[in-house]
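Enquirer: The structure's right below; bear with me while I get my questions together.
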Amino acid sequence: MGYPENELNRIRERAREIRRDSIYMIHKAGAGHPGGSLSAADLLAALYFRELRIDPQHPQWPDRDRFILSKGHGCPALYAALCARGYFGREQLDTLREYHSMLQGHPDMRKTPGLDMSSGSLGNGLSCGLGMAMAARCLKKDFRVYVLLGDGECEEGEVWEAAMAAAHHRMSQLTAIVDINGLQLTGPTCEVMNLGDLNAKFRAFGWSAIEIDGHCIEEILHAFDYARETEGPVAILAHTIKGKGVSFMENQVDWHGKAPNEEETRRALAEIMQA
């Protein structure tokens with residue numbers, strides 16, 4: 001793959017910042033979803049600091065790439081990425097989930113600069129992304145559309161309706177990224193609703209698929225390169241760890257949607273910054 005080490009380190013540092021700010025925001029708000037925010041941090045860092053063609057000074061630039069966080073409960077990590085990228089000031093991070101805040105508990109495109117789609121109702125994101133990719137084709141635009149889904153979210157039937165349509169229409173500008181951390185609200189995905197072989201499923205629906213370590217920046221960048229060079233829609237299946245970067249949160253379903261207390265926050269931030 002051969003990416004410059006300074007580029008890899010730059011993105012790793014951004015991922016660390018995203019994890020730090022996610023924990024800070026969730027603690028201050030007293031509510032949120034740390035597990036899935038931490039598992040997606042490396043993917044978001046690679047998207048916002050290398051892959052996406054965007055301009056924070058012009059959030060509605062017509063030719064920008066589009067990104068949808070379909071697993072909308074992981075929005076603290078997305079807000080941290082948007083802030084670091086320059087869409088709004090750090091003072092906004094203090095307002096997560098407050099009434100009238102631009103940073104709501106699930107993404108609201110009417111409030112937050114840099115958001116291309118509201119989300120929260122699981123299963124909708126890939127359909128919205130497909131619509132954007134089809135619009136790009138109709139308008140003869142070359143912008144790309146990326147949708148980040150949770151693995152538990154792939155239990156929703158609408159995901160597979162969108163997958164079938166995307167393959168039928170050969171939507172090369174559409175990339176799905178699945179954050180496969182193995183846990184959802186009530187337990188392991190394999191026990192709640194066994195997803196089986198997601199690679200085989202996407203391929204059966206007509207997609208190309210690539211499996212990666214979702215915490216290895218080099219593999220993430222390679223997957224994005226592969227998606228851009230491949231005809232038809234591509235699914236990037238990113239194997240991750242829920243709560244990645246905080247030892248007492250890793251692979252613990254209890255941290256799906258719970259805010260850390262003062263002592264837990266102190267421990268979490270120390271671990272993240274020392275990693």
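In the structure tokens, each chain is lettered A, B, ... as it comes, each chain's residues begin at 1, and ligands are numbered from 1 in order of appearance.
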May I have a table of the residues of stretch 125-229 of chain A lying at most 9 Å from stretch 38-44 of chain A, giving each one's closest pair of atoms and their distance in Å to one decimal, counting only C-alpha atoms, ordered by chain and ascending residue number, as JSON lines?

Expert:
{"residue": "A:Leu148", "atom": "CA", "partner": "A:Ala40", "partner_atom": "CA", "distance": 8.8}
{"residue": "A:Ile177", "atom": "CA", "partner": "A:Leu43", "partner_atom": "CA", "distance": 8.7}
{"residue": "A:Asp179", "atom": "CA", "partner": "A:Ala40", "partner_atom": "CA", "distance": 6.6}
{"residue": "A:Ile180", "atom": "CA", "partner": "A:Ser39", "partner_atom": "CA", "distance": 8.7}
{"residue": "A:Asn181", "atom": "CA", "partner": "A:Ser39", "partner_atom": "CA", "distance": 6.9}
{"residue": "A:Gly214", "atom": "CA", "partner": "A:Leu43", "partner_atom": "CA", "distance": 6.6}
{"residue": "A:His215", "atom": "CA", "partner": "A:Asp42", "partner_atom": "CA", "distance": 5.6}
{"residue": "A:Cys216", "atom": "CA", "partner": "A:Asp42", "partner_atom": "CA", "distance": 7.7}
{"residue": "A:Ile217", "atom": "CA", "partner": "A:Asp42", "partner_atom": "CA", "distance": 6.8}
{"residue": "A:Ile220", "atom": "CA", "partner": "A:Leu43", "partner_atom": "CA", "distance": 6.9}

Enquirer: Please produce an output containing all heavy atoms for each residue in the selection, written as a compact mmCIF listing (two decimals), in the first residue's frame.

Expert:
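Wrote it out as selection.txt, contents follow:
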# COMPACT_ATOMS: atom_id res chain seq x y z
N LEU A 148 -21.75 5.64 6.31
CA LEU A 148 -21.23 4.81 7.39
C LEU A 148 -22.39 4.19 8.16
O LEU A 148 -23.21 4.91 8.76
CB LEU A 148 -20.35 5.65 8.33
CG LEU A 148 -19.75 4.94 9.54
CD1 LEU A 148 -18.89 3.75 9.12
CD2 LEU A 148 -18.93 5.91 10.39
N ILE A 177 -19.69 1.99 4.15
CA ILE A 177 -18.69 1.57 5.13
C ILE A 177 -19.46 0.99 6.31
O ILE A 177 -20.32 1.67 6.89
CB ILE A 177 -17.84 2.76 5.61
CG1 ILE A 177 -17.28 3.54 4.41
CG2 ILE A 177 -16.73 2.30 6.54
CD1 ILE A 177 -16.92 4.98 4.75
N ASP A 179 -19.31 -0.34 10.09
CA ASP A 179 -18.55 -0.37 11.33
C ASP A 179 -18.94 -1.66 12.06
O ASP A 179 -19.95 -1.71 12.77
CB ASP A 179 -18.88 0.87 12.16
CG ASP A 179 -18.12 0.94 13.47
OD1 ASP A 179 -17.34 0.01 13.75
OD2 ASP A 179 -18.30 1.92 14.21
N ILE A 180 -18.16 -2.71 11.88
CA ILE A 180 -18.49 -4.02 12.44
C ILE A 180 -17.81 -4.17 13.80
O ILE A 180 -16.71 -4.72 13.92
CB ILE A 180 -18.05 -5.15 11.48
CG1 ILE A 180 -18.64 -4.93 10.08
CG2 ILE A 180 -18.49 -6.51 12.02
CD1 ILE A 180 -18.17 -5.92 9.04
N ASN A 181 -18.48 -3.64 14.84
CA ASN A 181 -17.91 -3.77 16.18
C ASN A 181 -18.54 -4.90 16.98
O ASN A 181 -18.15 -5.15 18.12
CB ASN A 181 -17.97 -2.44 16.94
CG ASN A 181 -19.39 -1.92 17.15
OD1 ASN A 181 -20.31 -2.68 17.41
ND2 ASN A 181 -19.56 -0.61 17.02
N GLY A 214 -10.58 -1.88 10.83
CA GLY A 214 -11.10 -0.52 10.87
C GLY A 214 -10.34 0.41 11.78
O GLY A 214 -10.73 1.59 11.92
N HIS A 215 -9.26 -0.06 12.39
CA HIS A 215 -8.40 0.80 13.20
C HIS A 215 -7.01 0.95 12.59
O HIS A 215 -6.16 1.63 13.16
CB HIS A 215 -8.29 0.27 14.63
CG HIS A 215 -9.61 0.16 15.32
ND1 HIS A 215 -10.48 1.22 15.42
CD2 HIS A 215 -10.23 -0.89 15.91
CE1 HIS A 215 -11.58 0.83 16.06
NE2 HIS A 215 -11.44 -0.43 16.36
N CYS A 216 -6.78 0.35 11.44
CA CYS A 216 -5.50 0.45 10.73
C CYS A 216 -5.64 1.51 9.64
O CYS A 216 -6.33 1.28 8.63
CB CYS A 216 -5.09 -0.89 10.14
SG CYS A 216 -3.59 -0.82 9.14
N ILE A 217 -5.04 2.66 9.85
CA ILE A 217 -5.20 3.77 8.90
C ILE A 217 -4.75 3.37 7.50
O ILE A 217 -5.39 3.73 6.51
CB ILE A 217 -4.44 5.02 9.39
CG1 ILE A 217 -4.95 5.47 10.75
CG2 ILE A 217 -4.57 6.15 8.37
CD1 ILE A 217 -6.42 5.82 10.80
N ILE A 220 -7.44 1.41 5.88
CA ILE A 220 -8.59 2.26 5.57
C ILE A 220 -8.34 3.06 4.29
O ILE A 220 -9.19 3.13 3.40
CB ILE A 220 -8.89 3.20 6.75
CG1 ILE A 220 -9.33 2.42 7.99
CG2 ILE A 220 -9.99 4.21 6.36
CD1 ILE A 220 -9.40 3.24 9.26

Enquirer: Would you mind listing what lies within 12 Å of A:Ala135 as a compact mmCIF listing (two decimals) with C-alpha atoms, in the first residue's frame, with only C-alpha atoms counted and same-chain residues fewer than 3 positions away left out?

Expert:
# COMPACT_ATOMS: atom_id res chain seq x y z
CA PRO A 62 -22.35 21.80 -5.02
CA ASP A 63 -19.38 19.65 -6.08
CA ARG A 66 -21.28 13.75 0.52
CA CYS A 128 -30.42 8.50 1.10
CA GLY A 129 -26.88 7.99 -0.13
CA LEU A 130 -28.14 6.08 -3.15
CA GLY A 131 -30.45 9.00 -3.96
CA MET A 132 -27.53 11.43 -3.77
CA CYS A 138 -28.30 12.84 -13.48
CA LEU A 139 -26.52 16.17 -12.98
CA LYS A 140 -23.33 14.82 -14.56
CA LYS A 141 -21.38 15.59 -11.37
CA ASP A 142 -18.41 13.57 -10.18
CA PHE A 143 -18.88 13.94 -6.42
CA ARG A 144 -18.78 10.74 -4.38
CA VAL A 145 -21.13 9.60 -1.61
CA MET A 171 -23.65 3.25 -8.71
CA GLN A 173 -19.99 6.86 -6.87
CA LEU A 174 -21.53 5.18 -3.81

Enquirer: Residues within 10 Å of stretch 221-232 of chain A, please, as a short mmCIF file (atom, residue, chain, number, x, y, z; two decimals) with all heavy atoms, in the first residue's frame. Count only C-alpha atoms; anything in the same chain fewer than 3 positions from it doesn't count.

Expert:
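Result written to selection-v5.cif:
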data_model
loop_
_atom_site.label_atom_id
_atom_site.label_comp_id
_atom_site.auth_asym_id
_atom_site.auth_seq_id
_atom_site.Cartn_x
_atom_site.Cartn_y
_atom_site.Cartn_z
N MET A 1 0.83 -1.20 0.00
CA MET A 1 0.00 0.00 0.00
C MET A 1 0.87 1.26 0.00
O MET A 1 0.65 2.16 -0.78
CB MET A 1 -0.95 -0.04 1.20
CG MET A 1 -2.04 -1.11 1.06
SD MET A 1 -3.12 -1.28 2.51
CE MET A 1 -2.23 -2.54 3.42
N GLY A 2 1.84 1.34 0.89
CA GLY A 2 2.88 2.33 0.80
C GLY A 2 2.47 3.78 0.94
O GLY A 2 2.73 4.59 0.05
N TYR A 3 1.81 4.16 2.05
CA TYR A 3 1.46 5.54 2.29
C TYR A 3 2.54 6.20 3.15
O TYR A 3 3.13 5.56 4.03
CB TYR A 3 0.10 5.63 2.99
CG TYR A 3 -1.01 5.02 2.17
CD1 TYR A 3 -1.43 3.73 2.41
CD2 TYR A 3 -1.60 5.74 1.12
CE1 TYR A 3 -2.43 3.14 1.64
CE2 TYR A 3 -2.59 5.16 0.34
CZ TYR A 3 -3.00 3.87 0.61
OH TYR A 3 -3.98 3.30 -0.16
N LEU A 8 0.11 9.02 7.63
CA LEU A 8 -0.56 8.07 8.52
C LEU A 8 -0.59 8.61 9.95
O LEU A 8 -1.62 8.53 10.63
CB LEU A 8 0.15 6.72 8.47
CG LEU A 8 0.17 6.02 7.11
CD1 LEU A 8 1.01 4.75 7.18
CD2 LEU A 8 -1.24 5.69 6.63
N LEU A 43 -12.08 5.68 11.14
CA LEU A 43 -12.75 5.81 9.85
C LEU A 43 -13.08 7.26 9.55
O LEU A 43 -12.86 7.75 8.43
CB LEU A 43 -14.02 4.96 9.84
CG LEU A 43 -13.82 3.45 10.02
CD1 LEU A 43 -15.15 2.77 10.36
CD2 LEU A 43 -13.21 2.83 8.76
N ALA A 46 -9.92 9.35 8.74
CA ALA A 46 -9.45 9.13 7.38
C ALA A 46 -10.36 9.80 6.36
O ALA A 46 -9.89 10.35 5.35
CB ALA A 46 -9.36 7.63 7.10
N LEU A 47 -11.66 9.78 6.62
CA LEU A 47 -12.60 10.44 5.71
C LEU A 47 -12.38 11.94 5.68
O LEU A 47 -12.20 12.54 4.61
CB LEU A 47 -14.04 10.13 6.13
CG LEU A 47 -14.62 8.79 5.69
CD1 LEU A 47 -15.85 8.45 6.53
CD2 LEU A 47 -14.98 8.81 4.21
N ARG A 50 -8.48 13.12 4.79
CA ARG A 50 -7.77 12.66 3.59
C ARG A 50 -8.72 12.39 2.43
O ARG A 50 -8.45 12.80 1.30
CB ARG A 50 -6.99 11.39 3.92
CG ARG A 50 -5.98 10.99 2.86
CD ARG A 50 -6.53 9.94 1.91
NE ARG A 50 -5.48 9.30 1.14
CZ ARG A 50 -5.69 8.26 0.33
NH1 ARG A 50 -6.91 7.74 0.21
NH2 ARG A 50 -4.70 7.74 -0.35
N GLU A 51 -9.85 11.73 2.67
CA GLU A 51 -10.63 11.21 1.56
C GLU A 51 -11.64 12.19 0.99
O GLU A 51 -11.75 12.34 -0.24
CB GLU A 51 -11.33 9.92 1.99
CG GLU A 51 -12.18 9.26 0.91
CD GLU A 51 -11.34 8.79 -0.27
OE1 GLU A 51 -10.11 8.64 -0.13
OE2 GLU A 51 -11.93 8.56 -1.35
N LEU A 52 -12.42 12.84 1.82
CA LEU A 52 -13.53 13.65 1.34
C LEU A 52 -13.08 14.93 0.66
O LEU A 52 -12.22 15.66 1.18
CB LEU A 52 -14.47 13.99 2.49
CG LEU A 52 -15.24 12.83 3.13
CD1 LEU A 52 -16.05 13.34 4.32
CD2 LEU A 52 -16.16 12.16 2.12
N ARG A 144 -18.57 12.07 -4.91
CA ARG A 144 -18.78 10.74 -4.38
C ARG A 144 -19.61 10.81 -3.11
O ARG A 144 -19.68 11.83 -2.43
CB ARG A 144 -17.44 10.05 -4.10
CG ARG A 144 -16.58 9.88 -5.36
CD ARG A 144 -15.33 9.08 -5.08
NE ARG A 144 -15.63 7.76 -4.54
CZ ARG A 144 -16.03 6.72 -5.28
NH1 ARG A 144 -16.17 6.86 -6.60
NH2 ARG A 144 -16.28 5.56 -4.73
N TYR A 146 -20.45 8.73 0.54
CA TYR A 146 -20.01 7.73 1.50
C TYR A 146 -21.05 7.61 2.61
O TYR A 146 -21.52 8.62 3.14
CB TYR A 146 -18.66 8.12 2.11
CG TYR A 146 -17.54 8.25 1.10
CD1 TYR A 146 -17.40 9.41 0.33
CD2 TYR A 146 -16.63 7.21 0.91
CE1 TYR A 146 -16.39 9.53 -0.60
CE2 TYR A 146 -15.61 7.32 -0.02
CZ TYR A 146 -15.49 8.48 -0.78
OH TYR A 146 -14.49 8.61 -1.71
N ALA A 166 -28.73 -0.14 -5.72
CA ALA A 166 -27.43 0.43 -6.06
C ALA A 166 -26.66 -0.46 -7.03
O ALA A 166 -26.01 0.02 -7.96
CB ALA A 166 -26.60 0.65 -4.80
N ALA A 167 -26.73 -1.76 -6.81
CA ALA A 167 -26.06 -2.68 -7.73
C ALA A 167 -26.72 -2.69 -9.09
O ALA A 167 -26.05 -2.69 -10.13
CB ALA A 167 -26.06 -4.09 -7.12
N HIS A 168 -28.04 -2.68 -9.09
CA HIS A 168 -28.78 -2.69 -10.36
C HIS A 168 -28.40 -1.49 -11.23
O HIS A 168 -28.24 -1.61 -12.45
CB HIS A 168 -30.28 -2.68 -10.09
CG HIS A 168 -31.12 -2.58 -11.31
ND1 HIS A 168 -31.39 -3.67 -12.13
CD2 HIS A 168 -31.75 -1.51 -11.89
CE1 HIS A 168 -32.13 -3.29 -13.16
NE2 HIS A 168 -32.38 -1.98 -13.03
N HIS A 169 -28.23 -0.32 -10.59
CA HIS A 169 -27.93 0.90 -11.32
C HIS A 169 -26.42 1.16 -11.44
O HIS A 169 -26.02 2.21 -11.96
CB HIS A 169 -28.62 2.09 -10.65
CG HIS A 169 -30.11 2.05 -10.75
ND1 HIS A 169 -30.79 2.28 -11.93
CD2 HIS A 169 -31.06 1.78 -9.82
CE1 HIS A 169 -32.09 2.18 -11.73
NE2 HIS A 169 -32.29 1.88 -10.47
N ARG A 170 -25.60 0.24 -10.97
CA ARG A 170 -24.14 0.33 -11.08
C ARG A 170 -23.63 1.67 -10.56
O ARG A 170 -22.93 2.42 -11.25
CB ARG A 170 -23.68 0.13 -12.53
CG ARG A 170 -24.11 -1.18 -13.16
CD ARG A 170 -23.51 -2.37 -12.43
NE ARG A 170 -22.04 -2.38 -12.50
CZ ARG A 170 -21.27 -3.13 -11.71
NH1 ARG A 170 -21.82 -3.91 -10.78
NH2 ARG A 170 -19.96 -3.10 -11.84
N MET A 171 -23.96 1.95 -9.30
CA MET A 171 -23.65 3.25 -8.71
C MET A 171 -22.20 3.29 -8.21
O MET A 171 -21.91 3.10 -7.03
CB MET A 171 -24.62 3.57 -7.58
CG MET A 171 -26.09 3.60 -7.99
SD MET A 171 -26.43 4.66 -9.44
CE MET A 171 -25.83 6.23 -8.88
N SER A 172 -21.30 3.57 -9.11
CA SER A 172 -19.87 3.58 -8.79
C SER A 172 -19.48 4.71 -7.84
O SER A 172 -18.42 4.64 -7.21
CB SER A 172 -19.04 3.69 -10.08
OG SER A 172 -19.26 2.59 -10.92
N GLN A 173 -20.31 5.73 -7.74
CA GLN A 173 -19.99 6.86 -6.87
C GLN A 173 -20.44 6.64 -5.43
O GLN A 173 -20.25 7.51 -4.58
CB GLN A 173 -20.61 8.15 -7.43
CG GLN A 173 -19.91 8.64 -8.71
CD GLN A 173 -20.71 9.67 -9.47
OE1 GLN A 173 -21.36 9.35 -10.47
NE2 GLN A 173 -20.67 10.91 -9.04
N LEU A 174 -21.01 5.47 -5.15
CA LEU A 174 -21.53 5.18 -3.81
C LEU A 174 -20.64 4.16 -3.09
O LEU A 174 -20.34 3.10 -3.63
CB LEU A 174 -22.95 4.63 -3.92
CG LEU A 174 -23.63 4.21 -2.60
CD1 LEU A 174 -23.83 5.43 -1.69
CD2 LEU A 174 -24.97 3.54 -2.90
N THR A 175 -20.23 4.50 -1.87
CA THR A 175 -19.45 3.59 -1.03
C THR A 175 -20.12 3.44 0.32
O THR A 175 -20.42 4.46 0.98
CB THR A 175 -18.01 4.10 -0.83
OG1 THR A 175 -17.36 4.19 -2.11
CG2 THR A 175 -17.22 3.17 0.07
N ALA A 176 -20.38 2.21 0.72
CA ALA A 176 -20.90 1.93 2.06
C ALA A 176 -19.74 1.46 2.94
O ALA A 176 -18.91 0.66 2.52
CB ALA A 176 -21.97 0.86 2.00
N ILE A 177 -19.69 1.99 4.15
CA ILE A 177 -18.69 1.57 5.13
C ILE A 177 -19.46 0.99 6.31
O ILE A 177 -20.32 1.67 6.89
CB ILE A 177 -17.84 2.76 5.61
CG1 ILE A 177 -17.28 3.54 4.41
CG2 ILE A 177 -16.73 2.30 6.54
CD1 ILE A 177 -16.92 4.98 4.75
N GLY A 206 -24.59 -7.92 -5.52
CA GLY A 206 -23.97 -7.29 -6.69
C GLY A 206 -22.94 -6.24 -6.39
O GLY A 206 -22.51 -5.51 -7.30
N TRP A 207 -22.52 -6.12 -5.13
CA TRP A 207 -21.50 -5.15 -4.75
C TRP A 207 -20.11 -5.79 -4.76
O TRP A 207 -19.98 -7.01 -4.62
CB TRP A 207 -21.76 -4.64 -3.33
CG TRP A 207 -22.93 -3.72 -3.18
CD1 TRP A 207 -24.21 -3.95 -3.59
CD2 TRP A 207 -22.93 -2.44 -2.55
NE1 TRP A 207 -25.02 -2.88 -3.27
CE2 TRP A 207 -24.25 -1.94 -2.62
CE3 TRP A 207 -21.95 -1.67 -1.94
CZ2 TRP A 207 -24.61 -0.70 -2.09
CZ3 TRP A 207 -22.30 -0.44 -1.41
CH2 TRP A 207 -23.62 0.05 -1.50
N SER A 208 -19.10 -4.96 -4.92
CA SER A 208 -17.75 -5.37 -4.57
C SER A 208 -17.58 -5.12 -3.08
O SER A 208 -18.19 -4.21 -2.52
CB SER A 208 -16.71 -4.56 -5.36
OG SER A 208 -16.85 -4.78 -6.75
N ALA A 209 -16.76 -5.94 -2.42
CA ALA A 209 -16.59 -5.79 -0.98
C ALA A 209 -15.13 -6.02 -0.61
O ALA A 209 -14.43 -6.82 -1.24
CB ALA A 209 -17.48 -6.77 -0.22
N ILE A 210 -14.69 -5.28 0.41
CA ILE A 210 -13.33 -5.43 0.91
C ILE A 210 -13.38 -5.40 2.43
O ILE A 210 -14.07 -4.56 3.01
CB ILE A 210 -12.40 -4.32 0.35
CG1 ILE A 210 -10.98 -4.48 0.87
CG2 ILE A 210 -12.95 -2.94 0.63
CD1 ILE A 210 -9.98 -3.55 0.21
N GLU A 211 -12.72 -6.33 3.08
CA GLU A 211 -12.68 -6.40 4.54
C GLU A 211 -11.36 -5.82 5.05
O GLU A 211 -10.29 -6.12 4.51
CB GLU A 211 -12.85 -7.83 5.03
CG GLU A 211 -14.20 -8.42 4.70
CD GLU A 211 -14.50 -9.70 5.48
OE1 GLU A 211 -14.43 -9.67 6.73
OE2 GLU A 211 -14.79 -10.72 4.84
N ILE A 212 -11.46 -5.00 6.10
CA ILE A 212 -10.27 -4.35 6.63
C ILE A 212 -10.31 -4.31 8.15
O ILE A 212 -11.36 -4.52 8.77
CB ILE A 212 -10.13 -2.90 6.10
CG1 ILE A 212 -11.32 -2.04 6.58
CG2 ILE A 212 -10.02 -2.87 4.59
CD1 ILE A 212 -11.13 -0.56 6.36
N CYS A 216 -6.78 0.35 11.44
CA CYS A 216 -5.50 0.45 10.73
C CYS A 216 -5.64 1.51 9.64
O CYS A 216 -6.33 1.28 8.63
CB CYS A 216 -5.09 -0.89 10.14
SG CYS A 216 -3.59 -0.82 9.14
N ILE A 217 -5.04 2.66 9.85
CA ILE A 217 -5.20 3.77 8.90
C ILE A 217 -4.75 3.37 7.50
O ILE A 217 -5.39 3.73 6.51
CB ILE A 217 -4.44 5.02 9.39
CG1 ILE A 217 -4.95 5.47 10.75
CG2 ILE A 217 -4.57 6.15 8.37
CD1 ILE A 217 -6.42 5.82 10.80
N GLU A 218 -3.67 2.63 7.41
CA GLU A 218 -3.17 2.23 6.09
C GLU A 218 -4.20 1.39 5.36
O GLU A 218 -4.46 1.58 4.16
CB GLU A 218 -1.85 1.47 6.23
CG GLU A 218 -1.12 1.29 4.92
CD GLU A 218 0.31 0.80 5.11
OE1 GLU A 218 0.63 0.37 6.24
OE2 GLU A 218 1.07 0.87 4.15
N ALA A 235 -18.61 -1.97 -0.83
CA ALA A 235 -18.83 -2.04 0.62
C ALA A 235 -17.48 -2.26 1.30
O ALA A 235 -16.77 -3.23 0.99
CB ALA A 235 -19.78 -3.18 0.97
N ILE A 236 -17.12 -1.35 2.20
CA ILE A 236 -15.92 -1.49 3.01
C ILE A 236 -16.36 -2.04 4.36
O ILE A 236 -17.07 -1.37 5.12
CB ILE A 236 -15.20 -0.14 3.18
CG1 ILE A 236 -14.75 0.39 1.82
CG2 ILE A 236 -14.01 -0.29 4.13
CD1 ILE A 236 -14.18 1.80 1.87
N LEU A 237 -15.96 -3.26 4.66
CA LEU A 237 -16.38 -3.95 5.88
C LEU A 237 -15.25 -3.79 6.90
O LEU A 237 -14.24 -4.50 6.84
CB LEU A 237 -16.69 -5.41 5.58
CG LEU A 237 -17.69 -5.61 4.41
CD1 LEU A 237 -17.87 -7.08 4.11
CD2 LEU A 237 -19.02 -4.94 4.73
N ALA A 238 -15.45 -2.84 7.81
CA ALA A 238 -14.39 -2.45 8.75
C ALA A 238 -14.60 -3.14 10.09
O ALA A 238 -15.56 -2.83 10.81
CB ALA A 238 -14.38 -0.94 8.92
#

Enquirer: Step one, run DSSP on the backbone; step two, keep only residues of stretch 8-214 of chain A assigned to helix (DSSP H, G or I); then write them as JSON, numbers by chain.

Expert: {"A": [8, 9, 10, 11, 12, 13, 14, 15, 16, 17, 18, 19, 20, 21, 22, 23, 24, 25, 26, 27, 28, 29, 34, 35, 36, 37, 38, 39, 41, 42, 43, 44, 45, 46, 47, 48, 49, 50, 51, 72, 73, 74, 75, 76, 77, 78, 79, 80, 81, 82, 83, 84, 85, 90, 91, 92, 93, 94, 95, 125, 126, 127, 128, 129, 130, 131, 132, 133, 134, 135, 136, 137, 138, 152, 153, 154, 155, 157, 158, 159, 160, 161, 162, 163, 164, 165, 166, 167, 168, 189, 190, 191, 192, 198, 199, 200, 201, 202, 203, 204]}

Enquirer: Per residue of stretch 109-211 of chain A within 7 Å of stretch 246-265 of chain A, what are the shortest atom pair and its distance in Å to one decimal, counting only C-alpha atoms, with rows by chain and residue number, as CSV?

Expert:
residue,atom,partner,partner_atom,distance
A:Leu183,CA,A:Val253,CA,6.2
A:Gln184,CA,A:His256,CA,6.9
A:Leu185,CA,A:His256,CA,6.0
A:Gly187,CA,A:Val253,CA,6.0

Enquirer: Can you write just those residues out, all heavy atoms, as an mmCIF file, in the first residue's frame?

Expert:
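New file again-v8.cif:
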data_model
loop_
_atom_site.group_PDB
_atom_site.id
_atom_site.type_symbol
_atom_site.label_atom_id
_atom_site.label_comp_id
_atom_site.auth_asym_id
_atom_site.auth_seq_id
_atom_site.Cartn_x
_atom_site.Cartn_y
_atom_site.Cartn_z
ATOM 1 N N LEU A 183 -21.345 -5.400 18.508
ATOM 2 C CA LEU A 183 -22.269 -5.173 19.615
ATOM 3 C C LEU A 183 -23.317 -4.141 19.233
ATOM 4 O O LEU A 183 -23.033 -3.199 18.505
ATOM 5 C CB LEU A 183 -21.518 -4.689 20.858
ATOM 6 C CG LEU A 183 -20.527 -5.663 21.505
ATOM 7 C CD1 LEU A 183 -19.723 -4.956 22.590
ATOM 8 C CD2 LEU A 183 -21.260 -6.870 22.094
ATOM 9 N N GLN A 184 -24.515 -4.316 19.771
ATOM 10 C CA GLN A 184 -25.556 -3.318 19.611
ATOM 11 C C GLN A 184 -26.234 -3.113 20.960
ATOM 12 O O GLN A 184 -25.746 -3.606 21.987
ATOM 13 C CB GLN A 184 -26.547 -3.727 18.526
ATOM 14 C CG GLN A 184 -27.225 -5.071 18.731
ATOM 15 C CD GLN A 184 -27.955 -5.531 17.484
ATOM 16 O OE1 GLN A 184 -27.457 -6.363 16.734
ATOM 17 N NE2 GLN A 184 -29.151 -4.997 17.251
ATOM 18 N N LEU A 185 -27.320 -2.384 20.985
ATOM 19 C CA LEU A 185 -27.905 -1.932 22.251
ATOM 20 C C LEU A 185 -28.108 -3.051 23.265
ATOM 21 O O LEU A 185 -27.775 -2.899 24.444
ATOM 22 C CB LEU A 185 -29.247 -1.235 21.969
ATOM 23 C CG LEU A 185 -30.047 -0.777 23.181
ATOM 24 C CD1 LEU A 185 -29.261 0.248 23.986
ATOM 25 C CD2 LEU A 185 -31.386 -0.206 22.761
ATOM 26 N N GLY A 187 -26.979 -6.366 23.082
ATOM 27 C CA GLY A 187 -26.043 -7.483 23.156
ATOM 28 C C GLY A 187 -25.278 -7.689 21.866
ATOM 29 O O GLY A 187 -25.321 -6.850 20.957
#

Enquirer: Compare A:Glu161, A:Glu191, A:Glu219, A:Asp151 by their minimum atom-to-atom distance to A:Phe205, counting only C-alpha atoms, and give me the closest one.

Expert: A:Glu161

Enquirer: Just the strand (DSSP E or B) stuff from stretch 23-194 of chain A, please, per backbone DSSP, written as a list in words.

Expert: Arg66, Phe67, Ile68, Leu69, Val145, Tyr146, Val147, Leu148, Leu149, Gly150, Leu174, Thr175, Ala176, Ile177, Val178, Asp179, Ile180, Leu183, Gln184, Gly187 and Pro188 of chain A
